[in-house]
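**Q** Attaching a single structure in structure tokens format; questions to follow.
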Amino acid sequence: MEYKIAVKGGTFEAKLSKKITFSDLDGFREMVKRMVDSGSNSHIVDLADVEFIDSAGLGMLLLARDEISKKSSSLILKSPRGQVQRMLHVARFELKFDIDNNQGPDPE
Amino acid sequence: MMENLGIKKYYDRLSDDLRVAKIMQKSLLPPQLKIEAISKSHKLNIAYQCESPDDLAGNFWGVDVFDPDRLFFYMADFSGHGLSAALNTFRLHSIMSVYGNDLQDNSLSPADYLEKLNRDLFALLPTEQYATMLCGIIDLKRDVFTFAAAAPPAPVKMTVGLQDIIALDPSGAPLGMIEDAAYEVREIPFKKNEMLFFYSDALIESQDMKGDMIGEDKFIDFCCEANMAARPPGKFLDYFMEKFDSHVARPLTGDLTAITLIRK
């Protein structure tokens with residue numbers, strides 16, 4: 001997993017790419033810490049460029065949601081595609097997360 | 001020197017503990033004698049393969065006799081790897097035994113059963129830990145499989161010797177994720193000469209020799225090829241695993257469980 005961060009007007013956006021799997025746990029925790037430490041009111045995890053997520057990766061998204069909700073701020077999962085979108089649907093993540101299914105521009 | 005002896009003693013003890021834990025975990029799985037007895041009593045061919053890259057696995061499965069016409073099948077897989085996932089298998093197995101009788105006497109449907117398990121696990125598990133699960137009742141009299149799902153890899157149904165393949169709907173909140181999650185009862189025909197194939201995500205997510213994931217398309221191809229080639233039909237899993245093993249790079253990155261149930 002790789003990620004890029006942009007903070008604009010109180011919104012913290014992390015754009016993730018490649019795969020989110022068990023081996024990314026440390027990197028993901030570091031990203032969540034940066035999100036929480038930023039003090040932003042709203043957070044977006046952009047999944048448009050994530051090609052694959054496994055069950056451990058879903059657990060990491062839950063972890064992010066919990067940490068951010070402790071600060072009473074919001075988290076949106078943005079533009080999941082393909083396998084990631086299917087995994088979120090199968091696991092009923094729409095019951096736990098705000099998911100923005102706007103697909104945005106096609107990936108390069 | 002004393003320090004080295006201390007470390008050696010520590011690792012020896014750890015090794016012993018792991019050996020005992022592995023035996024305990026194996027006891028969660030149905031013994032071969034039970035599988036053979038069910039095969040005769042309920043005319044169901046059961047084949048399975050389990051493999052873990054770690055000392056302990058985070059998944060288990062089982063099949064229980066409810067009565068001469070009904071069997072209960074289940075398969076569960078915890079997120080993550082190693083010791084924490086393995087310990088959670090014991091937790092879930094214990095909780096399952098609390099509600100088993102209610103399922104057997106029809107007081108609970110498979111969906112009600114998952115709701116109970118989910119609520120209990122939610123109270124026990126930290127946020128990032130959860131289990132996927134599928135459980136259902138095979139009714140030989142009615143020729144149906146009635147099940148509920150909590151986000152496992154989609155099981156498939158095939159007719160022995162044919163190319164047809166149907167994926168079962170696996171959607172449902174993983175156990176332990178949402179406190180008051182509700183589940184659906186789903187029912188499919190399950191007749192003689194039909195096969196149900198349940199598996200862990202390692203069959204889809206393992207990497208081939210080039211580092212690419214096996215993926216769903218190749219998995220379906222393996223299923224169809226093995227189903228056409230398997231003689232007798234009970235050898236399906238052997239053929240499937242031969243295909244899988246010839247493509248996949250070892251060691252695996254996740255726990256592998258594959259189970260076929262074929263009605264005779």
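Labels for the structure tokens follow display order: chains A, B, ..., residues from 1 in each chain, ligands from 1.
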Give me the residues within 12 Å of Gln104 in chain B as a PyMOL selection string, counting only C-alpha atoms and dropping any in the same chain fewer than 3 places off.
**A** chain B and resi 64-67+69-73+97-101+107-110+113+136-138
**Q** May I have the residues within 6 Å of range 10-12 of chain A as a ChimeraX atom specification, using only C-alpha atoms and disregarding those fewer than 6 positions away in the same chain?
**A** /A:40-43
**Q** Output all heavy atoms for every residue in that selection, as a PDB file, in the first residue's frame.
**A**
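File part.pdb, as written:
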```
ATOM      1  N   SER A  40      -8.129  17.448  12.037  1.00  0.00           N
ATOM      2  CA  SER A  40      -9.125  17.816  11.017  1.00  0.00           C
ATOM      3  C   SER A  40     -10.528  17.375  11.453  1.00  0.00           C
ATOM      4  O   SER A  40     -10.674  16.402  12.196  1.00  0.00           O
ATOM      5  CB  SER A  40      -8.792  17.135   9.683  1.00  0.00           C
ATOM      6  OG  SER A  40      -7.499  17.500   9.267  1.00  0.00           O
ATOM      7  N   ASN A  41     -11.525  18.084  10.923  1.00  0.00           N
ATOM      8  CA  ASN A  41     -12.906  17.728  11.259  1.00  0.00           C
ATOM      9  C   ASN A  41     -13.435  16.600  10.391  1.00  0.00           C
ATOM     10  O   ASN A  41     -14.285  15.840  10.811  1.00  0.00           O
ATOM     11  CB  ASN A  41     -13.826  18.951  11.068  1.00  0.00           C
ATOM     12  CG  ASN A  41     -13.539  20.010  12.097  1.00  0.00           C
ATOM     13  OD1 ASN A  41     -13.221  19.686  13.239  1.00  0.00           O
ATOM     14  ND2 ASN A  41     -13.618  21.265  11.681  1.00  0.00           N
ATOM     15  N   SER A  42     -12.957  16.586   9.164  1.00  0.00           N
ATOM     16  CA  SER A  42     -13.437  15.522   8.276  1.00  0.00           C
ATOM     17  C   SER A  42     -12.258  14.846   7.585  1.00  0.00           C
ATOM     18  O   SER A  42     -11.221  15.475   7.327  1.00  0.00           O
ATOM     19  CB  SER A  42     -14.425  16.079   7.254  1.00  0.00           C
ATOM     20  OG  SER A  42     -13.798  17.048   6.463  1.00  0.00           O
ATOM     21  N   HIS A  43     -12.462  13.568   7.332  1.00  0.00           N
ATOM     22  CA  HIS A  43     -11.390  12.754   6.745  1.00  0.00           C
ATOM     23  C   HIS A  43     -11.937  11.964   5.565  1.00  0.00           C
ATOM     24  O   HIS A  43     -13.052  11.453   5.625  1.00  0.00           O
ATOM     25  CB  HIS A  43     -10.836  11.769   7.779  1.00  0.00           C
ATOM     26  CG  HIS A  43     -10.323  12.424   9.013  1.00  0.00           C
ATOM     27  ND1 HIS A  43     -11.149  12.833  10.026  1.00  0.00           N
ATOM     28  CD2 HIS A  43      -9.065  12.775   9.375  1.00  0.00           C
ATOM     29  CE1 HIS A  43     -10.425  13.388  10.976  1.00  0.00           C
ATOM     30  NE2 HIS A  43      -9.149  13.369  10.602  1.00  0.00           N
TER      31      HIS A  43
END
```
**Q** Within 8 Å of range 219-229 of chain B, counting only C-alpha atoms, which residues show up once you throw out same-chain ones fewer than 4 positions away? Write them as a count of residues only, please.
**A** 18
**Q** Using only C-alpha atoms for the distances, tell me which of B:His81, B:Phe197, B:Ala149, B:Ala86 is nearest to Thr21 in chain A.
**A**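 Closest residue, counting only C-alpha atoms: B:His81.
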**Q** Could you list, as a list in words, the residues of chain A having an atom within 9 Å of chain B when counting only C-alpha atoms?
**A**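 Taking only C-alpha atoms into account, Phe22, Asp54, Ser55, Ala56, Gly57, Leu58, Gly59, Met60, Leu61, Leu62, Leu63, Asp66, Met87, His89, Val90, Ala91, Arg92, Phe93, Leu95 and Lys96 of chain A sit within 9 Å of chain B.
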**Q** With all heavy atoms retained, export the selected residues as a short mmCIF file (atom, residue, chain, number, x, y, z; two decimals), in the first residue's frame.
**A**
```cif
data_model
loop_
_atom_site.label_atom_id
_atom_site.label_comp_id
_atom_site.auth_asym_id
_atom_site.auth_seq_id
_atom_site.Cartn_x
_atom_site.Cartn_y
_atom_site.Cartn_z
N PHE A 22 -2.58 -7.59 4.91
CA PHE A 22 -2.06 -7.78 6.27
C PHE A 22 -0.69 -7.14 6.47
O PHE A 22 -0.41 -6.57 7.52
CB PHE A 22 -1.98 -9.29 6.53
CG PHE A 22 -1.57 -9.64 7.93
CD1 PHE A 22 -2.43 -9.40 8.99
CD2 PHE A 22 -0.34 -10.22 8.19
CE1 PHE A 22 -2.06 -9.72 10.28
CE2 PHE A 22 0.04 -10.55 9.47
CZ PHE A 22 -0.83 -10.30 10.53
N ASP A 54 -7.77 -7.14 1.28
CA ASP A 54 -8.12 -8.44 1.87
C ASP A 54 -8.85 -8.21 3.19
O ASP A 54 -9.14 -7.07 3.57
CB ASP A 54 -6.88 -9.34 2.01
CG ASP A 54 -5.91 -8.86 3.08
OD1 ASP A 54 -6.19 -7.84 3.73
OD2 ASP A 54 -4.87 -9.53 3.26
N SER A 55 -9.14 -9.30 3.90
CA SER A 55 -9.94 -9.16 5.12
C SER A 55 -9.19 -8.36 6.18
O SER A 55 -9.80 -7.59 6.94
CB SER A 55 -10.32 -10.54 5.66
OG SER A 55 -9.17 -11.29 5.97
N ALA A 56 -7.87 -8.49 6.22
CA ALA A 56 -7.10 -7.69 7.19
C ALA A 56 -7.20 -6.20 6.83
O ALA A 56 -7.29 -5.34 7.72
CB ALA A 56 -5.65 -8.14 7.19
N GLY A 57 -7.24 -5.91 5.53
CA GLY A 57 -7.37 -4.51 5.09
C GLY A 57 -8.71 -3.92 5.51
O GLY A 57 -8.80 -2.76 5.92
N LEU A 58 -9.77 -4.74 5.43
CA LEU A 58 -11.08 -4.26 5.91
C LEU A 58 -11.00 -3.94 7.40
O LEU A 58 -11.57 -2.95 7.87
CB LEU A 58 -12.16 -5.32 5.66
CG LEU A 58 -12.50 -5.65 4.22
CD1 LEU A 58 -13.60 -6.71 4.17
CD2 LEU A 58 -12.92 -4.43 3.43
N GLY A 59 -10.28 -4.78 8.14
CA GLY A 59 -10.10 -4.54 9.57
C GLY A 59 -9.40 -3.21 9.83
O GLY A 59 -9.73 -2.49 10.78
N MET A 60 -8.46 -2.86 8.95
CA MET A 60 -7.74 -1.59 9.12
C MET A 60 -8.68 -0.40 8.90
O MET A 60 -8.58 0.61 9.59
CB MET A 60 -6.57 -1.53 8.13
CG MET A 60 -5.47 -2.53 8.44
SD MET A 60 -4.19 -2.44 7.18
CE MET A 60 -3.69 -4.15 7.12
N LEU A 61 -9.59 -0.52 7.94
CA LEU A 61 -10.56 0.56 7.73
C LEU A 61 -11.44 0.74 8.96
O LEU A 61 -11.78 1.86 9.36
CB LEU A 61 -11.42 0.28 6.49
CG LEU A 61 -10.71 0.28 5.14
CD1 LEU A 61 -11.68 -0.10 4.02
CD2 LEU A 61 -10.09 1.64 4.84
N LEU A 62 -11.79 -0.39 9.59
CA LEU A 62 -12.59 -0.31 10.82
C LEU A 62 -11.81 0.39 11.93
O LEU A 62 -12.36 1.19 12.70
CB LEU A 62 -12.98 -1.71 11.30
CG LEU A 62 -13.99 -2.47 10.43
CD1 LEU A 62 -14.05 -3.93 10.84
CD2 LEU A 62 -15.36 -1.82 10.55
N LEU A 63 -10.52 0.08 11.98
CA LEU A 63 -9.65 0.70 12.98
C LEU A 63 -9.61 2.22 12.77
O LEU A 63 -9.74 3.00 13.72
CB LEU A 63 -8.24 0.11 12.83
CG LEU A 63 -7.25 0.38 13.92
CD1 LEU A 63 -7.62 -0.39 15.17
CD2 LEU A 63 -5.84 -0.04 13.47
N ASP A 66 -12.83 3.81 13.94
CA ASP A 66 -12.92 3.91 15.41
C ASP A 66 -12.06 5.03 15.96
O ASP A 66 -12.49 5.80 16.83
CB ASP A 66 -12.49 2.58 16.03
CG ASP A 66 -13.67 1.71 16.35
OD1 ASP A 66 -14.68 1.85 15.65
OD2 ASP A 66 -13.58 0.91 17.30
N MET A 87 -15.83 -6.15 -2.13
CA MET A 87 -15.54 -6.56 -0.74
C MET A 87 -16.33 -5.69 0.25
O MET A 87 -16.88 -6.21 1.23
CB MET A 87 -14.04 -6.43 -0.45
CG MET A 87 -13.18 -7.54 -1.01
SD MET A 87 -13.42 -9.11 -0.15
CE MET A 87 -12.31 -8.93 1.24
N HIS A 89 -19.11 -4.22 -0.28
CA HIS A 89 -20.52 -4.58 -0.37
C HIS A 89 -20.80 -5.90 0.33
O HIS A 89 -21.76 -6.01 1.11
CB HIS A 89 -20.94 -4.65 -1.84
CG HIS A 89 -22.30 -5.24 -2.03
ND1 HIS A 89 -23.45 -4.57 -1.64
CD2 HIS A 89 -22.71 -6.44 -2.50
CE1 HIS A 89 -24.49 -5.34 -1.87
NE2 HIS A 89 -24.07 -6.49 -2.39
N VAL A 90 -19.96 -6.90 0.06
CA VAL A 90 -20.18 -8.23 0.66
C VAL A 90 -20.15 -8.14 2.19
O VAL A 90 -20.93 -8.78 2.88
CB VAL A 90 -19.11 -9.24 0.15
CG1 VAL A 90 -19.06 -10.48 1.03
CG2 VAL A 90 -19.41 -9.64 -1.28
N ALA A 91 -19.23 -7.30 2.72
CA ALA A 91 -19.11 -7.17 4.17
C ALA A 91 -20.06 -6.12 4.75
O ALA A 91 -19.98 -5.79 5.94
CB ALA A 91 -17.66 -6.82 4.54
N ARG A 92 -20.95 -5.59 3.89
CA ARG A 92 -21.95 -4.62 4.33
C ARG A 92 -21.33 -3.40 5.00
O ARG A 92 -21.81 -2.92 6.04
CB ARG A 92 -22.95 -5.29 5.29
CG ARG A 92 -23.75 -6.40 4.66
CD ARG A 92 -24.92 -5.81 3.87
NE ARG A 92 -25.51 -6.76 2.95
CZ ARG A 92 -26.48 -7.61 3.26
NH1 ARG A 92 -26.96 -7.63 4.47
NH2 ARG A 92 -26.97 -8.41 2.35
N PHE A 93 -20.24 -2.91 4.45
CA PHE A 93 -19.58 -1.75 5.05
C PHE A 93 -20.42 -0.48 4.97
O PHE A 93 -20.17 0.47 5.68
CB PHE A 93 -18.20 -1.53 4.40
CG PHE A 93 -17.07 -2.11 5.19
CD1 PHE A 93 -17.18 -3.37 5.76
CD2 PHE A 93 -15.88 -1.40 5.39
CE1 PHE A 93 -16.15 -3.91 6.50
CE2 PHE A 93 -14.84 -1.94 6.14
CZ PHE A 93 -14.97 -3.19 6.70
N LEU A 95 -23.17 -0.14 6.13
CA LEU A 95 -23.85 0.02 7.43
C LEU A 95 -22.95 0.68 8.45
O LEU A 95 -23.41 1.15 9.49
CB LEU A 95 -24.28 -1.36 7.96
CG LEU A 95 -25.24 -2.17 7.10
CD1 LEU A 95 -25.47 -3.55 7.70
CD2 LEU A 95 -26.57 -1.43 6.96
N LYS A 96 -21.68 0.70 8.19
CA LYS A 96 -20.72 1.17 9.19
C LYS A 96 -20.02 2.46 8.73
O LYS A 96 -19.48 3.20 9.56
CB LYS A 96 -19.68 0.05 9.37
CG LYS A 96 -18.81 0.14 10.59
CD LYS A 96 -19.40 -0.52 11.81
CE LYS A 96 -18.40 -0.52 12.96
NZ LYS A 96 -18.97 -0.96 14.21
#
```
**Q** What's the 7 Å shell around range 24-36 of chain A, counting only C-alpha atoms, without same-chain residues fewer than 5 positions away, as a VMD selection string?
**A** chain A and resid 1 12 64 68
**Q** Would you write out those residues with C-alpha atoms, as a PDB file, in the first residue's frame?
**A**
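Output saved as result.pdb:
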```pdb
ATOM      1  CA  MET A   1       0.000   0.000   0.000  1.00  0.00           C
ATOM      2  CA  PHE A  12      -7.703  15.456   5.626  1.00  0.00           C
ATOM      3  CA  ALA A  64      -9.438   4.060  11.194  1.00  0.00           C
ATOM      4  CA  ILE A  68     -11.447   9.020  14.061  1.00  0.00           C
TER       5      ILE A  68
END
```
**Q** Could you state the separation of CA of Asn102 in chain A and CA of Leu77 in chain A in Å, given to one decimal place?
**A**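 Calculated distance between CA of Asn102 in chain A and CA of Leu77 in chain A is 10.4 Å.
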**Q** Based on the backbone DSSP call, show me all residues of range 10-199 of chain B assigned strand (DSSP E or B), as a ChimeraX atom specification.
**A** /B:44-51,59-67,70-78,131-139,144-150,156-159,165-167,175,186-189,194-199
**Q** I need the helix (DSSP H, G or I) residues of range 6-94 of chain A per DSSP on the backbone, written as number ranges by chain.
**A** A: 22-37, 55-70, 82-90, 93-94
**Q** Residues near Phe97 in chain A, anyone? I mean within 8 Å using only C-alpha atoms, not counting same-chain ones fewer than 6 positions away, as number ranges by chain.
**A** A: 65, 75-77
**Q** Could you turn the residues from that selection into a file that holds N, CA, C and O atoms, as a compact mmCIF listing (two decimals), in the first residue's frame?
**A**
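Generated output (again.txt):
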```txt
# COMPACT_ATOMS: atom_id res chain seq x y z
N ARG A 65 -11.84 4.05 11.32
CA ARG A 65 -13.14 4.62 11.68
C ARG A 65 -13.26 4.82 13.19
O ARG A 65 -13.73 5.86 13.65
N LEU A 75 -15.50 10.29 8.72
CA LEU A 75 -14.65 9.58 7.78
C LEU A 75 -15.51 9.10 6.61
O LEU A 75 -16.56 8.49 6.81
N ILE A 76 -15.04 9.42 5.41
CA ILE A 76 -15.74 8.96 4.21
C ILE A 76 -14.80 8.07 3.40
O ILE A 76 -13.61 8.41 3.23
N LEU A 77 -15.31 6.94 2.95
CA LEU A 77 -14.56 6.10 2.02
C LEU A 77 -14.98 6.52 0.61
O LEU A 77 -16.17 6.47 0.28
```
**Q** Taking only C-alpha atoms into account, which of B:Val248, B:Ile166, B:Leu256, B:Leu196 comes nearest Leu56 in chain B?
**A**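 Closest to Leu56 in chain B of all the choices is B:Leu256.
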**Q** Kindly give the distance, in Å, that separates CA of Pro80 in chain A and CA of Lys19 in chain A, rounded to a single decimal.
**A** 12.3 Å
**Q** So that I can check the surroundings of Val45 in chain A, please list as a PDB file with N, CA, C and O atoms, in the first residue's frame every protein, DNA and RNA residue that reaches within 6 Å of it, counting only C-alpha atoms and ignoring chain neighbours fewer than 4 positions away.
**A**
```
ATOM      1  N   GLU A  13      -7.327  14.362   3.490  1.00  0.00           N
ATOM      2  CA  GLU A  13      -7.611  13.338   2.480  1.00  0.00           C
ATOM      3  C   GLU A  13      -6.384  12.466   2.262  1.00  0.00           C
ATOM      4  O   GLU A  13      -5.294  12.962   1.984  1.00  0.00           O
ATOM      5  N   ALA A  14      -6.587  11.154   2.414  1.00  0.00           N
ATOM      6  CA  ALA A  14      -5.501  10.210   2.150  1.00  0.00           C
ATOM      7  C   ALA A  14      -5.868   9.430   0.899  1.00  0.00           C
ATOM      8  O   ALA A  14      -6.923   8.792   0.847  1.00  0.00           O
ATOM      9  N   LEU A  77     -15.312   6.945   2.949  1.00  0.00           N
ATOM     10  CA  LEU A  77     -14.556   6.104   2.015  1.00  0.00           C
ATOM     11  C   LEU A  77     -14.981   6.518   0.609  1.00  0.00           C
ATOM     12  O   LEU A  77     -16.169   6.473   0.280  1.00  0.00           O
ATOM     13  N   LYS A  78     -14.009   6.937  -0.184  1.00  0.00           N
ATOM     14  CA  LYS A  78     -14.351   7.530  -1.476  1.00  0.00           C
ATOM     15  C   LYS A  78     -13.963   6.627  -2.658  1.00  0.00           C
ATOM     16  O   LYS A  78     -12.859   6.083  -2.674  1.00  0.00           O
TER      17      LYS A  78
END
```
**Q** For range 249-251 of chain B, please output as a PyMOL selection string all residues within 6 Å (counting only C-alpha atoms; exclusion window: fewer than 2 positions along the same chain).
**A** chain B and resi 207-209
**Q** Give me, please, the distance in Å between CA of Ala76 in chain B and CA of Ala57 in chain B, quoted to one decimal.
**A**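 So the answer is 11.1 Å.
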